[in-house]
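File shown: model_30.csv. Contents: CSV, C-alpha atoms.
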chain,number,residue,atom,x,y,z
A,18,MET,CA,-19.8,-3.2,-11.3
A,19,ASN,CA,-18.3,-2.0,-14.6
A,20,ILE,CA,-18.7,0.7,-17.2
A,21,VAL,CA,-17.8,0.1,-20.9
A,22,GLU,CA,-15.6,2.4,-23.0
A,23,THR,CA,-17.7,2.9,-26.1
A,24,ASP,CA,-14.7,3.1,-28.5
A,25,SER,CA,-12.8,0.0,-27.4
A,26,GLY,CA,-15.5,-2.0,-25.6
A,27,LYS,CA,-13.0,-2.2,-22.7
A,28,LYS,CA,-14.7,-2.7,-19.2
A,29,HIS,CA,-13.6,-0.6,-16.3
A,30,PRO,CA,-14.5,-1.5,-12.7
A,31,VAL,CA,-16.3,1.3,-10.9
A,32,GLU,CA,-17.1,2.3,-7.4
A,33,ILE,CA,-20.0,4.3,-6.1
A,34,LYS,CA,-19.4,6.3,-2.9
A,35,PRO,CA,-21.1,9.1,-0.9
A,36,ILE,CA,-20.1,12.5,-2.2
A,37,GLU,CA,-17.6,14.5,0.0
A,38,GLU,CA,-17.8,18.1,0.8
A,39,VAL,CA,-14.7,18.8,-1.2
A,40,ASP,CA,-16.3,17.3,-4.4
A,41,TYR,CA,-18.9,20.1,-4.5
A,42,LYS,CA,-16.2,22.6,-5.7
A,43,THR,CA,-15.7,20.5,-8.8
A,44,LEU,CA,-19.3,19.9,-9.7
A,45,LYS,CA,-20.0,22.6,-12.3
A,46,LYS,CA,-23.5,22.9,-13.6
A,47,SER,CA,-22.2,22.9,-17.2
A,48,ARG,CA,-20.7,19.4,-16.8
A,49,TYR,CA,-23.2,17.9,-14.3
A,50,PHE,CA,-26.4,19.6,-15.3
A,51,PHE,CA,-27.6,20.5,-11.8
A,52,ASP,CA,-26.5,22.7,-9.0
A,53,TRP,CA,-25.6,19.7,-6.7
A,54,LYS,CA,-25.1,21.9,-3.7
A,55,ASN,CA,-28.8,22.2,-3.4
A,56,GLU,CA,-29.0,18.4,-2.7
A,57,LYS,CA,-26.9,18.5,0.4
A,58,GLU,CA,-29.8,17.5,2.6
A,59,TYR,CA,-30.3,14.3,0.6
A,60,GLU,CA,-28.0,11.3,0.0
A,61,VAL,CA,-25.8,12.0,-3.0
A,62,PHE,CA,-23.5,9.4,-4.5
A,63,LYS,CA,-20.7,9.7,-7.1
A,64,LEU,CA,-19.5,7.1,-9.6
A,65,GLN,CA,-15.8,6.8,-10.4
A,66,ILE,CA,-13.6,4.3,-12.1
A,67,VAL,CA,-11.7,2.5,-9.4
A,68,GLY,CA,-8.4,4.3,-8.7
A,69,THR,CA,-9.4,7.6,-10.4
A,70,ASN,CA,-10.8,10.8,-9.0
A,71,GLU,CA,-12.9,11.9,-12.0
A,72,ILE,CA,-16.7,11.9,-11.3
A,73,LEU,CA,-18.6,10.3,-14.2
A,74,GLY,CA,-22.0,10.2,-12.7
A,75,LEU,CA,-24.1,11.4,-9.8
A,76,ILE,CA,-27.3,10.4,-8.1
A,77,SER,CA,-29.3,11.9,-5.3
A,78,LEU,CA,-31.7,9.8,-3.3
A,79,GLU,CA,-34.5,10.3,-0.8
A,80,LYS,CA,-35.3,7.3,1.5
A,81,ILE,CA,-39.0,7.2,2.2
A,82,GLN,CA,-39.0,4.8,5.1
A,83,GLN,CA,-42.7,4.6,5.7
A,84,GLU,CA,-43.2,3.5,2.1
A,85,TRP,CA,-40.2,1.1,1.9
A,86,ARG,CA,-39.1,3.2,-1.1
A,87,VAL,CA,-36.0,4.9,-2.3
A,88,HIS,CA,-36.9,7.8,-4.6
A,89,ILE,CA,-34.3,9.0,-7.1
A,90,ARG,CA,-34.5,12.8,-7.1
A,91,LEU,CA,-31.7,13.6,-9.6
A,92,LEU,CA,-29.4,11.6,-11.8
A,93,THR,CA,-26.8,12.6,-14.3
A,94,VAL,CA,-23.9,11.4,-16.2
A,95,SER,CA,-21.1,13.9,-16.9
A,96,LYS,CA,-21.5,15.9,-20.1
A,97,GLU,CA,-19.0,13.9,-22.1
A,98,ASN,CA,-21.0,10.7,-21.4
A,99,LYS,CA,-24.3,11.8,-22.9
A,100,GLY,CA,-25.8,11.0,-26.2
A,101,GLN,CA,-24.4,9.0,-29.1
A,102,ASP,CA,-20.8,10.2,-28.7
A,103,LYS,CA,-20.6,9.2,-25.0
A,104,LYS,CA,-17.2,8.0,-23.8
A,105,TYR,CA,-18.5,5.4,-21.4
A,106,ASP,CA,-21.7,3.4,-21.4
A,107,LYS,CA,-23.7,2.0,-18.4
A,108,ILE,CA,-23.0,4.8,-16.0
A,109,ALA,CA,-26.7,5.5,-15.4
A,110,GLY,CA,-27.6,1.8,-15.1
A,111,ASN,CA,-24.9,1.3,-12.4
A,112,LEU,CA,-26.3,4.3,-10.5
A,113,LEU,CA,-29.8,2.9,-10.7
A,114,ALA,CA,-28.6,-0.5,-9.6
A,115,TYR,CA,-26.9,1.1,-6.7
A,116,ALA,CA,-30.1,2.8,-5.6
A,117,ALA,CA,-31.8,-0.7,-6.0
A,118,LYS,CA,-29.2,-2.2,-3.7
A,119,ILE,CA,-29.8,0.4,-1.0
A,120,ALA,CA,-33.6,-0.3,-1.2
A,121,VAL,CA,-33.1,-4.1,-1.0
A,122,ILE,CA,-30.6,-3.8,1.9
A,123,ASP,CA,-33.2,-1.9,3.9
A,124,TYR,CA,-36.5,-3.4,2.7
A,125,ALA,CA,-35.9,-6.9,1.2
A,126,GLU,CA,-39.1,-8.1,-0.4
A,127,TYR,CA,-40.8,-4.7,0.1
A,128,ALA,CA,-38.0,-2.8,-1.7
A,129,CYS,CA,-38.9,-0.2,-4.3
A,130,ILE,CA,-37.0,2.4,-6.3
A,131,SER,CA,-38.9,5.2,-8.0
A,132,LEU,CA,-38.5,7.9,-10.6
A,133,ARG,CA,-40.7,10.8,-11.8
A,134,PRO,CA,-39.2,11.6,-15.2
A,135,LYS,CA,-40.6,13.9,-17.8
A,136,SER,CA,-43.1,12.2,-20.0
A,137,HIS,CA,-41.0,11.9,-23.2
A,138,ILE,CA,-38.3,9.7,-21.5
A,139,VAL,CA,-40.7,7.5,-19.6
A,140,GLU,CA,-40.7,4.9,-22.4
A,141,HIS,CA,-36.8,4.8,-22.3
A,142,TYR,CA,-36.8,3.8,-18.6
A,143,ILE,CA,-39.5,1.3,-19.1
A,144,GLU,CA,-37.7,-0.4,-22.0
A,145,LYS,CA,-34.2,-0.2,-20.7
A,146,TYR,CA,-34.8,-0.9,-17.0
A,147,ASN,CA,-38.1,-2.7,-17.0
A,148,MET,CA,-39.7,-0.1,-14.8
A,149,LYS,CA,-43.5,0.1,-14.4
A,150,LEU,CA,-45.6,3.3,-14.7
A,151,THR,CA,-48.2,4.2,-12.1
A,152,GLY,CA,-49.6,7.7,-12.5
A,153,VAL,CA,-46.5,9.8,-13.4
A,154,THR,CA,-44.2,7.6,-11.3
A,155,LEU,CA,-42.0,4.9,-12.6
A,156,SER,CA,-41.0,2.1,-10.1
A,157,LEU,CA,-39.1,-1.1,-9.9
A,158,VAL,CA,-40.0,-3.7,-7.2
A,159,VAL,CA,-39.3,-7.4,-6.5
A,160,PRO,CA,-38.6,-9.4,-8.5
A,161,GLU,CA,-37.5,-7.0,-11.2
A,162,ILE,CA,-35.4,-4.9,-8.8
A,163,LEU,CA,-33.3,-8.0,-8.0
A,164,ASP,CA,-32.8,-8.6,-11.7
A,165,LEU,CA,-31.4,-5.1,-12.2
A,166,ILE,CA,-28.9,-5.6,-9.3
A,167,ASN,CA,-27.8,-8.9,-10.8
A,168,ILE,CA,-27.4,-7.4,-14.3
A,169,TYR,CA,-25.0,-4.7,-13.1
A,170,ASP,CA,-23.3,-6.8,-10.4
A,171,HIS,CA,-22.4,-9.5,-13.0
A,172,GLU,CA,-21.0,-7.2,-15.6
B,7,MET,CA,-38.7,13.4,-39.2
B,8,THR,CA,-40.6,16.3,-37.7
B,9,MET,CA,-39.0,18.9,-35.4
B,10,ASN,CA,-40.9,17.4,-32.4
B,11,SER,CA,-39.8,13.8,-33.1
B,12,LYS,CA,-36.2,14.9,-33.7
B,13,ARG,CA,-36.3,16.8,-30.4
B,14,ASN,CA,-37.7,13.7,-28.6
B,15,LYS,CA,-35.1,11.4,-30.2
B,16,ASN,CA,-32.3,13.7,-28.9
B,17,SER,CA,-34.0,13.9,-25.5
B,18,VAL,CA,-34.1,10.1,-25.2
B,19,GLU,CA,-30.4,9.8,-26.2
B,20,ASP,CA,-29.7,12.3,-23.5
B,21,ALA,CA,-32.1,10.8,-21.0
B,22,ASP,CA,-29.3,10.1,-18.5
B,23,PHE,CA,-27.9,13.7,-18.6
B,24,GLY,CA,-29.8,15.8,-16.2
B,25,LEU,CA,-32.7,13.5,-15.1
B,26,ASP,CA,-34.8,15.6,-12.8
B,27,SER,CA,-37.1,13.3,-11.0
B,28,ARG,CA,-38.3,15.5,-8.2
B,29,TYR,CA,-42.1,15.8,-7.8
B,30,LYS,CA,-43.6,19.1,-8.9
B,31,SER,CA,-45.4,19.7,-5.6
B,32,LYS,CA,-46.0,18.1,-2.2
B,33,LYS,CA,-49.6,17.5,-3.4
B,34,GLU,CA,-48.4,15.5,-6.4
B,35,GLN,CA,-46.0,13.5,-4.3
B,36,VAL,CA,-48.7,12.5,-1.8
B,37,SER,CA,-51.2,11.6,-4.5
B,38,GLU,CA,-48.5,9.6,-6.4
B,39,ALA,CA,-47.5,7.8,-3.2
B,40,THR,CA,-51.0,6.6,-2.6
B,41,SER,CA,-51.5,5.2,-6.1
B,42,LEU,CA,-48.0,3.7,-6.2
B,43,MET,CA,-48.6,2.0,-2.8
B,44,GLU,CA,-51.9,0.5,-4.0
B,45,ALA,CA,-50.2,-0.9,-7.1
B,46,ARG,CA,-47.3,-2.2,-5.1
B,47,LEU,CA,-49.5,-3.9,-2.5
B,48,MET,CA,-51.4,-5.7,-5.3
B,49,LYS,CA,-48.1,-6.9,-6.8
B,50,MET,CA,-46.8,-7.9,-3.3
B,51,LYS,CA,-49.9,-10.1,-2.7
B,52,ASN,CA,-48.9,-12.2,-5.8
B,53,LEU,CA,-45.3,-12.7,-4.8
B,54,SER,CA,-44.4,-16.3,-4.5
B,55,LYS,CA,-42.6,-17.7,-1.4
B,56,GLY,CA,-39.6,-18.3,-3.7
B,57,GLN,CA,-39.5,-14.7,-4.7
B,58,ILE,CA,-39.7,-13.5,-1.1
B,59,ILE,CA,-36.9,-15.8,-0.1
B,60,ARG,CA,-34.8,-14.6,-3.1
B,61,ALA,CA,-35.3,-11.0,-2.0
B,62,LYS,CA,-34.3,-11.8,1.6
B,63,LEU,CA,-31.2,-13.7,0.5
B,64,MET,CA,-30.2,-10.9,-1.7
B,65,GLN,CA,-30.6,-8.5,1.2
B,66,LEU,CA,-28.4,-10.8,3.3
B,67,LYS,CA,-25.7,-11.0,0.6
B,68,LEU,CA,-25.7,-7.2,0.2
B,69,ARG,CA,-25.6,-6.6,4.0
B,70,MET,CA,-22.6,-9.0,4.3
B,71,GLU,CA,-20.8,-7.2,1.4
B,72,GLU,CA,-21.5,-3.8,3.1
B,73,TYR,CA,-20.3,-5.1,6.5
B,74,ILE,CA,-16.9,-6.3,5.3
B,75,LYS,CA,-16.3,-2.8,3.7
B,76,GLN,CA,-17.0,-1.0,7.0
B,77,PRO,CA,-13.9,0.5,8.5
B,78,THR,CA,-15.5,1.0,11.8
B,79,CYS,CA,-16.3,-1.6,14.5
B,80,ASP,CA,-19.2,-2.0,16.8
B,81,ASP,CA,-20.2,-4.6,19.4
B,82,GLN,CA,-22.8,-6.5,17.3
B,83,ASN,CA,-22.4,-10.2,16.7
B,84,HIS,CA,-22.5,-9.9,12.9
B,85,PHE,CA,-21.4,-13.4,11.9
B,86,SER,CA,-24.0,-15.1,14.1
B,87,ASP,CA,-26.7,-12.6,13.2
B,88,PHE,CA,-26.1,-13.2,9.4
B,89,LEU,CA,-26.0,-16.9,10.0
B,90,LYS,CA,-29.3,-16.7,11.9
B,91,MET,CA,-30.8,-14.7,9.0
B,92,TYR,CA,-29.6,-17.2,6.5
B,93,VAL,CA,-30.9,-20.3,8.3
B,94,ASP,CA,-34.3,-18.7,9.3
B,95,THR,CA,-34.9,-17.4,5.7
B,96,ILE,CA,-34.5,-20.8,4.2
B,97,TYR,CA,-35.6,-23.3,6.8
B,98,SER,CA,-38.8,-23.7,8.9
B,99,THR,CA,-36.6,-25.0,11.8
B,100,ARG,CA,-32.9,-24.6,12.6
B,101,ASN,CA,-32.7,-28.4,13.3
B,102,LYS,CA,-33.4,-29.0,9.6
B,103,PHE,CA,-30.5,-26.9,8.6
B,104,ALA,CA,-28.3,-28.7,11.2
B,105,HIS,CA,-29.4,-32.0,9.7
B,106,ASP,CA,-28.7,-30.8,6.1
B,107,ILE,CA,-25.1,-29.9,6.9
B,108,ASN,CA,-24.6,-32.9,9.1
B,109,ILE,CA,-24.0,-31.3,12.5
B,110,THR,CA,-25.9,-31.6,15.8
B,111,PRO,CA,-28.6,-29.1,16.5
B,112,ILE,CA,-26.8,-28.3,19.7
B,113,ARG,CA,-23.6,-27.3,17.9
B,114,LEU,CA,-25.6,-25.1,15.5
B,115,SER,CA,-27.4,-23.5,18.4
B,116,GLN,CA,-24.1,-22.8,20.2
B,117,VAL,CA,-22.6,-21.1,17.1
B,118,ILE,CA,-25.8,-19.0,16.5
B,119,ASN,CA,-25.9,-18.0,20.1
B,120,ASN,CA,-22.2,-17.1,20.4
B,121,HIS,CA,-21.4,-19.9,22.9
B,122,ARG,CA,-19.0,-21.5,20.5
B,123,GLU,CA,-16.7,-20.4,17.7
B,124,PRO,CA,-17.5,-22.0,14.3
B,125,GLN,CA,-14.9,-24.6,13.4
B,126,ASP,CA,-13.3,-24.8,10.0
B,127,GLU,CA,-15.5,-27.7,9.0
B,128,PHE,CA,-18.6,-25.8,9.9
B,129,MET,CA,-17.4,-22.8,7.8
B,130,MET,CA,-16.6,-25.0,4.8
B,131,LYS,CA,-20.0,-26.7,5.0
B,132,LEU,CA,-21.7,-23.3,5.2
B,133,MET,CA,-19.7,-22.2,2.2
B,134,ILE,CA,-20.8,-25.2,0.1
B,135,HIS,CA,-24.5,-24.8,1.3
B,136,SER,CA,-24.5,-21.1,0.4
B,137,GLU,CA,-23.0,-21.6,-3.0
B,138,LYS,CA,-25.8,-24.0,-4.0
B,139,VAL,CA,-28.5,-21.7,-2.4
B,140,TYR,CA,-27.2,-18.6,-4.2
B,141,LYS,CA,-26.7,-20.2,-7.5
B,142,ASN,CA,-30.0,-18.8,-8.8
B,143,ILE,CA,-30.1,-15.7,-6.7
B,144,GLY,CA,-27.1,-13.6,-7.5
B,145,ASP,CA,-23.3,-13.4,-7.8
B,146,PHE,CA,-22.1,-15.0,-4.6
B,147,GLN,CA,-18.6,-14.7,-3.2
B,148,LYS,CA,-17.9,-18.0,-1.6
B,149,LYS,CA,-15.3,-16.6,0.8
B,150,ILE,CA,-17.8,-14.1,2.2
B,151,TRP,CA,-18.7,-16.1,5.3
B,152,TYR,CA,-15.0,-16.3,6.2
B,153,GLU,CA,-14.6,-12.6,5.4
B,154,VAL,CA,-17.4,-11.6,7.7
B,155,TYR,CA,-16.1,-13.9,10.5
B,156,PHE,CA,-12.5,-12.6,10.4
B,157,HIS,CA,-13.6,-9.0,9.9
B,158,GLU,CA,-15.5,-9.3,13.1
B,159,LYS,CA,-12.7,-11.1,14.8
B,160,ILE,CA,-10.2,-8.4,13.9
B,161,CYS,CA,-12.6,-5.7,15.0
B,162,ASN,CA,-13.2,-7.4,18.4
B,163,THR,CA,-9.5,-8.0,19.0
B,164,MET,CA,-8.4,-4.5,18.1
B,165,SER,CA,-11.1,-2.8,20.0
B,166,SER,CA,-10.5,-4.8,23.2
B,167,GLN,CA,-6.8,-4.3,23.5
B,168,GLU,CA,-7.1,-2.8,27.0
B,169,ASN,CA,-8.4,-6.1,28.1
B,170,TRP,CA,-5.7,-8.4,26.8
B,171,ARG,CA,-2.7,-6.2,26.1
B,172,PRO,CA,-1.4,-5.5,29.6
B,173,ARG,CA,-1.5,-9.2,30.5
B,174,LEU,CA,0.2,-10.4,27.3
B,175,GLU,CA,2.8,-7.7,27.1
B,176,LYS,CA,4.4,-9.2,30.3
B,177,ASP,CA,5.0,-12.4,28.3
B,178,ILE,CA,6.7,-10.8,25.4
B,179,LYS,CA,10.5,-10.7,25.4
B,180,PHE,CA,13.0,-9.3,22.8
B,181,SER,CA,16.1,-11.4,23.7
B,182,GLU,CA,17.8,-11.0,20.3
B,183,LEU,CA,17.2,-7.3,19.8

I'd like the structure from this file rewritten - as structure tokens, please.
Amino acid sequence: MNIVETDSGKKHPVEIKPIEEVDYKTLKKSRYFFDWKNEKEYEVFKLQIVGTNEILGLISLEKIQQEWRVHIRLLTVSKENKGQDKKYDKIAGNLLAYAAKIAVIDYAEYACISLRPKSHIVEHYIEKYNMKLTGVTLSLVVPEILDLINIYDHE
Amino acid sequence: MTMNSKRNKNSVEDADFGLDSRYKSKKEQVSEATSLMEARLMKMKNLSKGQIIRAKLMQLKLRMEEYIKQPTCDDQNHFSDFLKMYVDTIYSTRNKFAHDINITPIRLSQVINNHREPQDEFMMKLMIHSEKVYKNIGDFQKKIWYEVYFHEKICNTMSSQENWRPRLEKDIKFSEL
């Protein structure tokens, strides 16, 4: 899994790991949008360039076992990686692909990841990640969920 | 460009900064779960056998990748369990797999049931077979079967020291030290 430095096009290998208690001290709302301490009862993962300590993105997940589904509750890139002037590209895609991996590891052909974004960004997730809209929920299932994993695993 | 469309353009560019995807209420979550499940079941009905196999093989690959990263050991037979999963996902009978890699069904059964260690040739044949199978499924590390096998071997050896160490320590000498 890699992210791309937007200025140079250089790829950097990344790792996604469960957040540690000590990380919460560094997760300021101004840089990571949410108060991540409120997500402690869910599974929260951080994305970092291999060999560095800086957190570039975060995702919080809820496994809904009875529905073979992993629901993405919150996702953010760090502030300097938003919008047109972002430093690195593909942070969010890697985090989504990681959620997809968790779903496939547990549920194989039944695997599903879901999102409930605000209406004005629904189209963005449909176009960029090939998600499907049902009601207000976006989802990705087999076979498209496998394609997402492959796209981000190969890069 | 109107104020609204400008705002929406900025919002889309910032779509990955602060994506709040929580349901607004329990009621909304329950109602969404029902309609989502209906849509998914419809789609699942139309999955081909090939798509199901692809998903299962992806699951196996990801599980193996996770296993070799685990620092902790347990008493599960991971290599043989993964092998079982691999063979049973692709073949209707294990004998057919044994035939395809040119070994006897008895030998395959012994490896799968932990009555015999896999020999080098078995591992190499398994590697070649998997490479071909995974060609259209996903990025496959050809050394992964070896990594799983040796990871389990190391775990078993290190966690059972009390069984072998006392006996072997008696045999070890340091005549030149």

message = Would you pick out the contacts of region 154-157 of chain B at 10 Å or less, using only C-alpha atoms, so that residues sharing its chain but fewer than 3 positions from it are not included, and give the list as a list in words?
response = Met70, Glu71, Glu72, Tyr73, Ile74, Lys75, Gln76, Pro77, Cys79, Asn83, His84, Phe85, Ser86, Phe88, Glu123, Pro124, Met129, Lys149, Ile150, Trp151, Ile160, Cys161 and Asn162 of chain B

Mind dumping a table of every chain A residue within 9 Å of chain B, with the nearest atom pair and its distance in Å to one decimal, using all atoms listed in the file, sorted by chain and rising number, as a Markdown table?
| residue | atom | partner | partner_atom | distance |
| --- | --- | --- | --- | --- |
| A:Tyr49 | CA | B:Gly24 | CA | 7.2 |
| A:Phe50 | CA | B:Gly24 | CA | 5.2 |
| A:Phe51 | CA | B:Gly24 | CA | 6.8 |
| A:Glu84 | CA | B:Met43 | CA | 7.4 |
| A:His88 | CA | B:Ser27 | CA | 8.4 |
| A:Ile89 | CA | B:Ser27 | CA | 6.4 |
| A:Arg90 | CA | B:Ser27 | CA | 4.7 |
| A:Leu91 | CA | B:Asp26 | CA | 4.9 |
| A:Leu92 | CA | B:Leu25 | CA | 5.0 |
| A:Thr93 | CA | B:Phe23 | CA | 4.6 |
| A:Val94 | CA | B:Phe23 | CA | 5.2 |
| A:Ser95 | CA | B:Phe23 | CA | 7.0 |
| A:Lys96 | CA | B:Phe23 | CA | 6.9 |
| A:Asn98 | CA | B:Phe23 | CA | 8.0 |
| A:Lys99 | CA | B:Asp20 | CA | 5.5 |
| A:Gly100 | CA | B:Glu19 | CA | 4.8 |
| A:Gln101 | CA | B:Glu19 | CA | 6.7 |
| A:Ile108 | CA | B:Asp22 | CA | 8.6 |
| A:Ala109 | CA | B:Asp22 | CA | 6.1 |
| A:Lys118 | CA | B:Leu68 | CA | 7.2 |
| A:Ile119 | CA | B:Leu68 | CA | 8.7 |
| A:Val121 | CA | B:Gln65 | CA | 5.5 |
| A:Ile122 | CA | B:Gln65 | CA | 4.8 |
| A:Asp123 | CA | B:Gln65 | CA | 7.6 |
| A:Tyr124 | CA | B:Gln65 | CA | 7.9 |
| A:Ala125 | CA | B:Lys62 | CA | 5.2 |
| A:Glu126 | CA | B:Ala61 | CA | 5.0 |
| A:Tyr127 | CA | B:Met50 | CA | 7.6 |
| A:Ala128 | CA | B:Ala61 | CA | 8.6 |
| A:Cys129 | CA | B:Arg46 | CA | 8.7 |
| A:Ser131 | CA | B:Ser27 | CA | 8.8 |
| A:Leu132 | CA | B:Ser27 | CA | 5.6 |
| A:Arg133 | CA | B:Ser27 | CA | 4.5 |
| A:Pro134 | CA | B:Ser27 | CA | 5.0 |
| A:Lys135 | CA | B:Ser27 | CA | 7.7 |
| A:His137 | CA | B:Asn14 | CA | 6.6 |
| A:Ile138 | CA | B:Val18 | CA | 5.6 |
| A:Glu140 | CA | B:Val18 | CA | 8.9 |
| A:His141 | CA | B:Val18 | CA | 6.6 |
| A:Tyr142 | CA | B:Ala21 | CA | 8.8 |
| A:Leu150 | CA | B:Leu42 | CA | 8.8 |
| A:Thr151 | CA | B:Leu42 | CA | 5.9 |
| A:Gly152 | CA | B:Glu38 | CA | 6.5 |
| A:Val153 | CA | B:Glu38 | CA | 7.3 |
| A:Thr154 | CA | B:Glu38 | CA | 6.8 |
| A:Leu155 | CA | B:Leu42 | CA | 8.9 |
| A:Ser156 | CA | B:Leu42 | CA | 8.2 |
| A:Val158 | CA | B:Arg46 | CA | 7.7 |
| A:Val159 | CA | B:Ala61 | CA | 7.0 |
| A:Pro160 | CA | B:Gln57 | CA | 6.6 |
| A:Leu163 | CA | B:Ala61 | CA | 7.0 |
| A:Asp164 | CA | B:Gly144 | CA | 8.7 |
| A:Ile166 | CA | B:Gly144 | CA | 8.4 |
| A:Asn167 | CA | B:Gly144 | CA | 5.8 |
| A:Asp170 | CA | B:Asp145 | CA | 7.1 |
| A:His171 | CA | B:Asp145 | CA | 6.6 |

Box time for region 146-159 of chain B: axis-aligned, enclosing all its listed atoms, 3 Å extra on each side; report centre and edge lengths in Å to one decimal, as lines of an AutoDock Vina configuration file.
center_x = -17.3
center_y = -13.5
center_z = 5.1
size_x = 15.6
size_y = 15.0
size_z = 25.4

query = Could you state the separation of CA of Asn111 (chain A) and CA of Tyr92 (chain B) in Å, given to one decimal place?
reply = 26.9 Å

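What separates CA of Lys32 (chain B) from CA of Lys80 (chain A) is a distance of 15.6 Å.
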
request  = Go ahead and compute the interatomic distance for CA of Asn147 (chain A) and CA of Val67 (chain A), in Å to one decimal.
outcome  = 28.0 Å

Quick one: everything within 12 Å of Asn55 (chain A), counting all atoms listed in the file, minus sequence neighbours fewer than 4 positions away in the same chain. Send it as a compact mmCIF listing (two decimals) with C-alpha atoms, in the coordinates of the input.
# COMPACT_ATOMS: atom_id res chain seq x y z
CA TYR A 41 -18.90 20.10 -4.50
CA LEU A 44 -19.30 19.90 -9.70
CA LYS A 46 -23.50 22.90 -13.60
CA PHE A 51 -27.60 20.50 -11.80
CA TYR A 59 -30.30 14.30 0.60
CA GLU A 60 -28.00 11.30 0.00
CA VAL A 61 -25.80 12.00 -3.00
CA SER A 77 -29.30 11.90 -5.30
CA ARG A 90 -34.50 12.80 -7.10
CA LEU A 91 -31.70 13.60 -9.60
